[in-house]
Every structure is written in C-alpha cells, then in structure tokens.
$ cat target_16.pdb   # PDB, C-alpha atoms
ATOM      1  CA  MET B 174     118.539  68.626  30.230
ATOM      2  CA  THR B 175     120.155  65.228  30.585
ATOM      3  CA  THR B 176     123.078  64.612  32.889
ATOM      4  CA  GLU B 177     124.807  62.328  30.386
ATOM      5  CA  THR B 178     125.084  64.688  27.420
ATOM      6  CA  LEU B 179     124.176  68.263  26.579
ATOM      7  CA  ASN B 180     123.335  69.604  23.151
ATOM      8  CA  ILE B 181     125.060  72.727  21.911
ATOM      9  CA  ARG B 182     122.317  75.081  23.160
ATOM     10  CA  GLU B 183     122.346  73.552  26.660
ATOM     11  CA  MET B 184     126.130  73.753  26.722
ATOM     12  CA  CYS B 185     126.018  77.418  25.675
ATOM     13  CA  ASP B 186     123.479  78.208  28.381
ATOM     14  CA  ALA B 187     125.392  76.295  31.055
ATOM     15  CA  PHE B 188     128.699  78.074  30.347
ATOM     16  CA  ASP B 189     127.513  81.405  28.927
ATOM     17  CA  VAL B 190     129.346  80.892  25.629
ATOM     18  CA  THR B 191     128.238  81.036  22.007
ATOM     19  CA  PRO B 192     127.856  78.092  19.628
ATOM     20  CA  ARG B 193     130.700  79.626  17.637
ATOM     21  CA  THR B 194     132.958  79.388  20.710
ATOM     22  CA  LEU B 195     132.157  75.704  21.147
ATOM     23  CA  ARG B 196     132.760  74.997  17.469
ATOM     24  CA  PHE B 197     136.046  76.910  17.667
ATOM     25  CA  TYR B 198     137.275  74.826  20.615
ATOM     26  CA  GLU B 199     136.156  71.698  18.785
ATOM     27  CA  ALA B 200     138.092  72.765  15.674
ATOM     28  CA  LYS B 201     141.162  73.383  17.863
ATOM     29  CA  GLU B 202     140.718  69.835  19.223
ATOM     30  CA  LEU B 203     140.157  70.981  22.785
ATOM     31  CA  LEU B 204     136.612  69.573  22.917
ATOM     32  CA  PHE B 205     135.434  66.295  21.437
ATOM     33  CA  PRO B 206     131.626  66.192  21.298
ATOM     34  CA  ILE B 207     129.808  63.140  20.025
ATOM     35  CA  ARG B 208     128.592  63.836  16.488
ATOM     36  CA  GLU B 209     125.193  62.596  15.352
ATOM     37  CA  GLY B 210     124.882  64.055  11.874
ATOM     38  CA  GLN B 211     124.924  67.818  12.379
ATOM     39  CA  LYS B 212     124.108  67.455  16.072
ATOM     40  CA  ARG B 213     126.815  67.788  18.717
ATOM     41  CA  LEU B 214     126.428  66.110  22.091
ATOM     42  CA  PHE B 215     128.784  67.176  24.849
ATOM     43  CA  THR B 216     129.743  64.687  27.549
ATOM     44  CA  LYS B 217     130.681  65.222  31.171
ATOM     45  CA  ARG B 218     134.322  65.127  30.032
ATOM     46  CA  ASP B 219     133.640  67.953  27.537
ATOM     47  CA  ARG B 220     131.995  69.993  30.278
ATOM     48  CA  ALA B 221     134.997  69.525  32.570
ATOM     49  CA  ARG B 222     137.385  70.422  29.759
ATOM     50  CA  LEU B 223     135.391  73.553  28.832
ATOM     51  CA  LYS B 224     135.395  74.664  32.454
ATOM     52  CA  LEU B 225     139.199  74.366  32.503
ATOM     53  CA  ILE B 226     139.537  76.068  29.101
ATOM     54  CA  LEU B 227     137.467  79.053  30.216
ATOM     55  CA  ARG B 228     139.313  79.302  33.518
ATOM     56  CA  GLY B 229     142.657  79.120  31.714
ATOM     57  CA  LYS B 230     141.634  81.839  29.252
ATOM     58  CA  ARG B 231     140.480  84.033  32.136
ATOM     59  CA  PHE B 232     143.902  83.656  33.745
ATOM     60  CA  GLY B 233     145.683  84.546  30.503
ATOM     61  CA  PHE B 234     146.830  81.089  29.446
ATOM     62  CA  SER B 235     147.212  80.593  25.707
ATOM     63  CA  LEU B 236     145.191  77.907  23.944
ATOM     64  CA  GLU B 237     148.401  75.956  23.385
ATOM     65  CA  GLU B 238     149.219  76.072  27.102
ATOM     66  CA  ILE B 239     145.694  74.932  27.894
ATOM     67  CA  ARG B 240     145.971  72.093  25.358
ATOM     68  CA  GLN B 241     149.238  70.930  26.905
ATOM     69  CA  LEU B 242     147.722  70.954  30.382
ATOM     70  CA  LEU B 243     144.635  69.057  29.264
ATOM     71  CA  ASP B 244     146.804  66.499  27.466
ATOM     72  CA  LEU B 245     148.686  65.814  30.713
ATOM     73  CA  TYR B 246     145.488  64.569  32.376
ATOM     74  CA  HIS B 247     145.932  61.024  31.071
ATOM     75  CA  MET B 248     149.500  60.494  32.301
ATOM     76  CA  ASN B 249     148.404  57.903  34.922
ATOM     77  CA  ASP B 250     150.355  59.675  37.645
ATOM     78  CA  GLY B 251     147.446  60.872  39.766
ATOM     79  CA  GLN B 252     147.524  64.189  37.874
ATOM     80  CA  GLU B 253     150.926  65.079  39.351
ATOM     81  CA  ALA B 254     152.381  66.134  35.984
ATOM     82  CA  GLN B 255     149.276  68.178  35.144
ATOM     83  CA  LEU B 256     149.199  69.918  38.519
ATOM     84  CA  SER B 257     152.946  70.593  38.512
ATOM     85  CA  LYS B 258     152.880  72.108  35.030
ATOM     86  CA  THR B 259     149.753  74.119  35.890
ATOM     87  CA  TYR B 260     151.410  75.484  39.011
ATOM     88  CA  VAL B 261     154.533  76.590  37.115
ATOM     89  CA  LEU B 262     152.446  78.298  34.418
ATOM     90  CA  ALA B 263     150.199  79.885  37.051
ATOM     91  CA  GLU B 264     153.217  81.347  38.866
ATOM     92  CA  ARG B 265     154.424  82.860  35.598
ATOM     93  CA  HIS B 266     151.009  84.295  34.721
ATOM     94  CA  LEU B 267     150.485  85.643  38.242
ATOM     95  CA  ALA B 268     153.814  87.475  38.100
ATOM     96  CA  ALA B 269     152.867  88.991  34.734
ATOM     97  CA  MET B 270     149.420  89.992  35.997
ATOM     98  CA  GLU B 271     150.897  91.604  39.112
ATOM     99  CA  ALA B 272     153.344  93.559  36.938
ATOM    100  CA  GLN B 273     150.457  94.726  34.733
ATOM    101  CA  LYS B 274     148.495  95.711  37.838
ATOM    102  CA  ALA B 275     151.411  97.798  39.134
ATOM    103  CA  GLU B 276     151.755  99.506  35.740
ATOM    104  CA  LEU B 277     148.021 100.212  35.667
ATOM    105  CA  GLU B 278     148.036 101.624  39.189
ATOM    106  CA  GLU B 279     150.915 103.925  38.257
ATOM    107  CA  ALA B 280     149.151 105.063  35.062
ATOM    108  CA  ILE B 281     145.904 105.638  36.971
ATOM    109  CA  GLY B 282     147.744 107.769  39.527
ATOM    110  CA  GLU B 283     149.375 109.843  36.784
ATOM    111  CA  LEU B 284     146.077 110.274  34.971
ATOM    112  CA  LYS B 285     144.365 111.442  38.171
ATOM    113  CA  GLU B 286     147.152 113.989  38.730
ATOM    114  CA  GLN B 287     146.762 115.294  35.166
ATOM    115  CA  MET B 288     142.995 115.474  35.553
ATOM    116  CA  ALA B 289     143.343 117.403  38.838
ATOM    117  CA  TRP B 290     145.754 119.805  37.133
ATOM    118  CA  GLY B 291     143.320 120.179  34.205
ATOM    119  CA  ALA B 292     140.354 120.779  36.529
ATOM    120  CA  GLU B 293     142.334 123.460  38.368
ATOM    121  CA  LYS B 294     143.295 125.166  35.109
ATOM    122  CA  LEU B 295     139.683 125.054  33.891
ATOM    123  CA  ALA B 296     138.513 126.587  37.180
ATOM    124  CA  GLN B 297     141.139 129.370  36.866
ATOM    125  CA  LEU B 298     140.097 130.067  33.278
ATOM    126  CA  ALA B 299     136.415 130.138  34.242
ATOM    127  CA  LYS B 300     137.225 132.550  37.108
ATOM    128  CA  LYS B 301     139.183 134.852  34.769
ATOM    129  CA  LYS B 302     136.350 134.738  32.249
ATOM    130  CA  SER B 303     133.678 135.626  34.815
ATOM    131  CA  SER B 304     135.709 138.432  36.353
ATOM    132  CA  ALA B 305     136.433 139.898  32.896
ATOM    133  CA  ALA B 306     132.732 139.941  31.993
TER     134      ALA B 306
END

$ encode --input "target_16.pdb" --output "structure tokens"
Amino acid sequence: MTTETLNIREMCDAFDVTPRTLRFYEAKELLFPIREGQKRLFTKRDRARLKLILRGKRFGFSLEEIRQLLDLYHMNDGQEAQLSKTYVLAERHLAAMEAQKAELEEAIGELKEQMAWGAEKLAQLAKKKSSAA
C-alpha cells in the first residue's frame, strides 16, 4: 500500500466500507479520487475527507451538512468558520441524541415493567394449571 494514493480496495479495507459506498460519495461530490481509466486512486485528502464523512454520519449529520462543513475547509481563516459551524451543528445533534436517549430509556423502563407483569401472570397461570391437574 502506498502512502501517496490508495486504490479502491485499499481504501475499503482501511475504512471498512464497500466500493459502492466510495462510489456513492464520489457521485455526491464528497470525494474526488484521481481517475485513471476505470481505476480510482484516493489521495491523502480523500482519506481525510472520508474520515470526516464517516464520523459525521455516525453523529447523525446529513450528507448536505457534511458537504457544507467540508466546503468550509478552504476559507483561509485557519478553519475558524469550519470549526464554528461544526460546533453549532454538533450542539444541535447532541441535544437531539440526548432527547432520543431519554425517550429510549423511558420506553425500556415501560417495556421491562410490562414484561415483569407478563412474567407474573404467566407464573400465576402455570400455578393454576398445575394445581388443577
């Protein structure tokens, strides 16, 4: 594996993604591999961008949000605009994730209560059945 460029297979192995994923991000103009005929060669810049894309997706950012953040990289302001925008979006996504977590915890608690009630009822029914036999 070269340090300058990676072919599509090396890129897939390095980031645990499929060739289809890489082609998708290329089609969405998030990655810009060098094209040599049918061959795609991914640069260090592509690797950095893919790392940010995957991290953004993991945190719930939309592809459009990710595109906007990546586009801010070349603002010649020491990445201030990119970091500021990322921070604002991250705050918003964190709040949404925390709300989802609270809803999930509440639903889990309710489900456990219902399951305990169901287990108790099943035990009562089994007891009635065995004493009737």

$ residues_around --input "target_16.pdb" --residues "Phe232 of chain B" --least-positions-apart "4" --cutoff "10 Å" --atoms "all atoms listed in the file" --output "PyMOL selection string"
chain B and resi 226-228+263+266-267+270

$ resolve_selection --input "target_16.pdb" --expression "the PyMOL selection byres ((chain B and resi 239) around 12)" --output "PDB file with C-alpha atoms, keeping the file's coordinate frame"
ATOM      1  CA  TYR B 198     137.275  74.826  20.615  1.00  0.00           C
ATOM      2  CA  LYS B 201     141.162  73.383  17.863  1.00  0.00           C
ATOM      3  CA  GLU B 202     140.718  69.835  19.223  1.00  0.00           C
ATOM      4  CA  LEU B 203     140.157  70.981  22.785  1.00  0.00           C
ATOM      5  CA  LEU B 204     136.612  69.573  22.917  1.00  0.00           C
ATOM      6  CA  ARG B 222     137.385  70.422  29.759  1.00  0.00           C
ATOM      7  CA  LEU B 223     135.391  73.553  28.832  1.00  0.00           C
ATOM      8  CA  LYS B 224     135.395  74.664  32.454  1.00  0.00           C
ATOM      9  CA  LEU B 225     139.199  74.366  32.503  1.00  0.00           C
ATOM     10  CA  ILE B 226     139.537  76.068  29.101  1.00  0.00           C
ATOM     11  CA  LEU B 227     137.467  79.053  30.216  1.00  0.00           C
ATOM     12  CA  ARG B 228     139.313  79.302  33.518  1.00  0.00           C
ATOM     13  CA  GLY B 229     142.657  79.120  31.714  1.00  0.00           C
ATOM     14  CA  LYS B 230     141.634  81.839  29.252  1.00  0.00           C
ATOM     15  CA  ARG B 231     140.480  84.033  32.136  1.00  0.00           C
ATOM     16  CA  PHE B 232     143.902  83.656  33.745  1.00  0.00           C
ATOM     17  CA  GLY B 233     145.683  84.546  30.503  1.00  0.00           C
ATOM     18  CA  PHE B 234     146.830  81.089  29.446  1.00  0.00           C
ATOM     19  CA  SER B 235     147.212  80.593  25.707  1.00  0.00           C
ATOM     20  CA  LEU B 236     145.191  77.907  23.944  1.00  0.00           C
ATOM     21  CA  GLU B 237     148.401  75.956  23.385  1.00  0.00           C
ATOM     22  CA  GLU B 238     149.219  76.072  27.102  1.00  0.00           C
ATOM     23  CA  ARG B 240     145.971  72.093  25.358  1.00  0.00           C
ATOM     24  CA  GLN B 241     149.238  70.930  26.905  1.00  0.00           C
ATOM     25  CA  LEU B 242     147.722  70.954  30.382  1.00  0.00           C
ATOM     26  CA  LEU B 243     144.635  69.057  29.264  1.00  0.00           C
ATOM     27  CA  ASP B 244     146.804  66.499  27.466  1.00  0.00           C
ATOM     28  CA  LEU B 245     148.686  65.814  30.713  1.00  0.00           C
ATOM     29  CA  TYR B 246     145.488  64.569  32.376  1.00  0.00           C
ATOM     30  CA  GLN B 255     149.276  68.178  35.144  1.00  0.00           C
ATOM     31  CA  LYS B 258     152.880  72.108  35.030  1.00  0.00           C
ATOM     32  CA  THR B 259     149.753  74.119  35.890  1.00  0.00           C
ATOM     33  CA  LEU B 262     152.446  78.298  34.418  1.00  0.00           C
ATOM     34  CA  ALA B 263     150.199  79.885  37.051  1.00  0.00           C
TER      35      ALA B 263
END

$ resolve_selection --input "target_16.pdb" --expression "the PyMOL selection byres ((chain B and resi 196) around 12)" --output "PyMOL selection string"
chain B and resi 181-182+184-185+190-195+197-206+208+211-215+223

$ atom_distance --input "target_16.pdb" --atom1 "atom CA of Leu256 of chain B" --atom2 "atom CA of Gln273 of chain B"
25.1 Å

$ axis_aligned_box --input "target_16.pdb" --around "segment 221-240 of chain B" --padding-each-side "3 Å" --output "JSON"
{"center_x": 142.1, "center_y": 77.0, "center_z": 28.6, "size_x": 20.2, "size_y": 21.0, "size_z": 16.4}

$ atom_distance --input "target_16.pdb" --atom1 "atom CA of His247 of chain B" --atom2 "atom CA of Asp219 of chain B"
14.5 Å

$ atom_distance --input "target_16.pdb" --atom1 "atom CA of Ala289 of chain B" --atom2 "atom CA of Lys274 of chain B"
22.3 Å

$ decode --input "target_16.pdb" --residues "segment 221-235 of chain B" --atoms "all heavy atoms" --output "CSV table (one decimal), in the first residue's frame"
chain,number,residue,atom,x,y,z
B,221,ALA,N,-8.7,11.9,4.4
B,221,ALA,CA,-9.2,12.8,5.5
B,221,ALA,C,-10.7,13.1,5.3
B,221,ALA,O,-11.4,13.1,6.3
B,221,ALA,CB,-8.3,14.1,5.4
B,222,ARG,N,-11.1,13.4,4.1
B,222,ARG,CA,-12.5,13.7,3.9
B,222,ARG,C,-13.4,12.5,4.2
B,222,ARG,O,-14.4,12.7,4.9
B,222,ARG,CB,-12.7,14.1,2.4
B,222,ARG,CG,-12.1,15.5,2.1
B,222,ARG,CD,-12.2,15.9,0.7
B,222,ARG,NE,-13.6,16.2,0.3
B,222,ARG,CZ,-14.2,17.4,0.3
B,222,ARG,NH1,-13.5,18.4,0.7
B,222,ARG,NH2,-15.4,17.5,-0.1
B,223,LEU,N,-13.0,11.3,3.8
B,223,LEU,CA,-13.8,10.1,4.2
B,223,LEU,C,-13.9,9.9,5.7
B,223,LEU,O,-15.0,9.6,6.2
B,223,LEU,CB,-13.3,8.9,3.5
B,223,LEU,CG,-14.1,7.6,3.7
B,223,LEU,CD1,-15.5,7.7,3.2
B,223,LEU,CD2,-13.4,6.4,3.1
B,224,LYS,N,-12.8,10.1,6.4
B,224,LYS,CA,-12.8,10.0,7.8
B,224,LYS,C,-13.8,11.0,8.4
B,224,LYS,O,-14.6,10.6,9.3
B,224,LYS,CB,-11.4,10.3,8.4
B,224,LYS,CG,-11.3,10.1,9.9
B,224,LYS,CD,-9.8,10.3,10.3
B,224,LYS,CE,-9.7,10.1,11.8
B,224,LYS,NZ,-8.3,10.3,12.2
B,225,LEU,N,-13.9,12.2,7.9
B,225,LEU,CA,-14.8,13.2,8.4
B,225,LEU,C,-16.3,12.8,8.0
B,225,LEU,O,-17.2,13.0,8.8
B,225,LEU,CB,-14.5,14.6,7.9
B,225,LEU,CG,-13.2,15.1,8.5
B,225,LEU,CD1,-12.8,16.5,7.8
B,225,LEU,CD2,-13.3,15.3,10.0
B,226,ILE,N,-16.4,12.3,6.8
B,226,ILE,CA,-17.8,11.9,6.3
B,226,ILE,C,-18.3,10.8,7.2
B,226,ILE,O,-19.5,10.9,7.7
B,226,ILE,CB,-17.7,11.4,4.9
B,226,ILE,CG1,-17.4,12.6,3.9
B,226,ILE,CG2,-19.0,10.7,4.5
B,226,ILE,CD1,-17.0,12.2,2.5
B,227,LEU,N,-17.5,9.8,7.5
B,227,LEU,CA,-18.0,8.7,8.3
B,227,LEU,C,-18.3,9.1,9.7
B,227,LEU,O,-19.2,8.7,10.3
B,227,LEU,CB,-16.9,7.6,8.3
B,227,LEU,CG,-16.7,6.9,6.9
B,227,LEU,CD1,-15.6,5.9,6.9
B,227,LEU,CD2,-18.0,6.3,6.4
B,228,ARG,N,-17.4,10.0,10.3
B,228,ARG,CA,-17.6,10.5,11.6
B,228,ARG,C,-18.9,11.3,11.6
B,228,ARG,O,-19.8,11.2,12.5
B,228,ARG,CB,-16.5,11.4,12.1
B,228,ARG,CG,-16.6,11.8,13.5
B,228,ARG,CD,-15.4,12.6,13.9
B,228,ARG,NE,-14.2,11.7,13.9
B,228,ARG,CZ,-13.0,12.2,13.8
B,228,ARG,NH1,-12.7,13.5,13.6
B,228,ARG,NH2,-12.0,11.4,13.8
B,229,GLY,N,-19.1,12.2,10.6
B,229,GLY,CA,-20.4,13.0,10.6
B,229,GLY,C,-21.6,12.1,10.5
B,229,GLY,O,-22.6,12.3,11.2
B,230,LYS,N,-21.6,11.1,9.6
B,230,LYS,CA,-22.7,10.2,9.5
B,230,LYS,C,-23.0,9.5,10.8
B,230,LYS,O,-24.1,9.3,11.2
B,230,LYS,CB,-22.5,9.1,8.4
B,230,LYS,CG,-22.5,9.7,7.0
B,230,LYS,CD,-23.7,10.4,6.6
B,230,LYS,CE,-24.9,9.4,6.6
B,230,LYS,NZ,-26.2,10.1,6.3
B,231,ARG,N,-21.9,9.0,11.5
B,231,ARG,CA,-22.1,8.4,12.8
B,231,ARG,C,-22.8,9.3,13.8
B,231,ARG,O,-23.6,8.8,14.7
B,231,ARG,CB,-20.7,7.9,13.4
B,231,ARG,CG,-20.8,7.2,14.7
B,231,ARG,CD,-19.5,6.6,15.0
B,231,ARG,NE,-19.5,5.9,16.2
B,231,ARG,CZ,-19.1,6.3,17.4
B,231,ARG,NH1,-18.4,7.5,17.4
B,231,ARG,NH2,-19.2,5.6,18.5
B,232,PHE,N,-22.5,10.6,13.7
B,232,PHE,CA,-23.1,11.5,14.7
B,232,PHE,C,-24.4,12.1,14.2
B,232,PHE,O,-25.0,12.9,14.8
B,232,PHE,CB,-22.1,12.7,14.9
B,232,PHE,CG,-20.9,12.3,15.6
B,232,PHE,CD1,-19.7,13.1,15.4
B,232,PHE,CD2,-20.8,11.2,16.4
B,232,PHE,CE1,-18.5,12.7,16.0
B,232,PHE,CE2,-19.6,10.9,17.1
B,232,PHE,CZ,-18.5,11.6,16.8
B,233,GLY,N,-24.9,11.6,13.1
B,233,GLY,CA,-26.3,11.9,12.6
B,233,GLY,C,-26.3,13.1,11.7
B,233,GLY,O,-27.4,13.6,11.4
B,234,PHE,N,-25.2,13.6,11.2
B,234,PHE,CA,-25.2,14.7,10.3
B,234,PHE,C,-25.7,14.2,8.9
B,234,PHE,O,-25.4,13.1,8.5
B,234,PHE,CB,-23.8,15.3,10.1
B,234,PHE,CG,-23.2,16.0,11.3
B,234,PHE,CD1,-23.6,15.7,12.6
B,234,PHE,CD2,-22.3,17.1,11.1
B,234,PHE,CE1,-23.1,16.4,13.7
B,234,PHE,CE2,-21.8,17.8,12.2
B,234,PHE,CZ,-22.2,17.5,13.5
B,235,SER,N,-26.4,15.1,8.2
B,235,SER,CA,-26.9,14.7,6.9
B,235,SER,C,-25.7,14.9,5.9
B,235,SER,O,-24.7,15.6,6.2
B,235,SER,CB,-28.0,15.7,6.5
B,235,SER,OG,-27.5,17.0,6.2
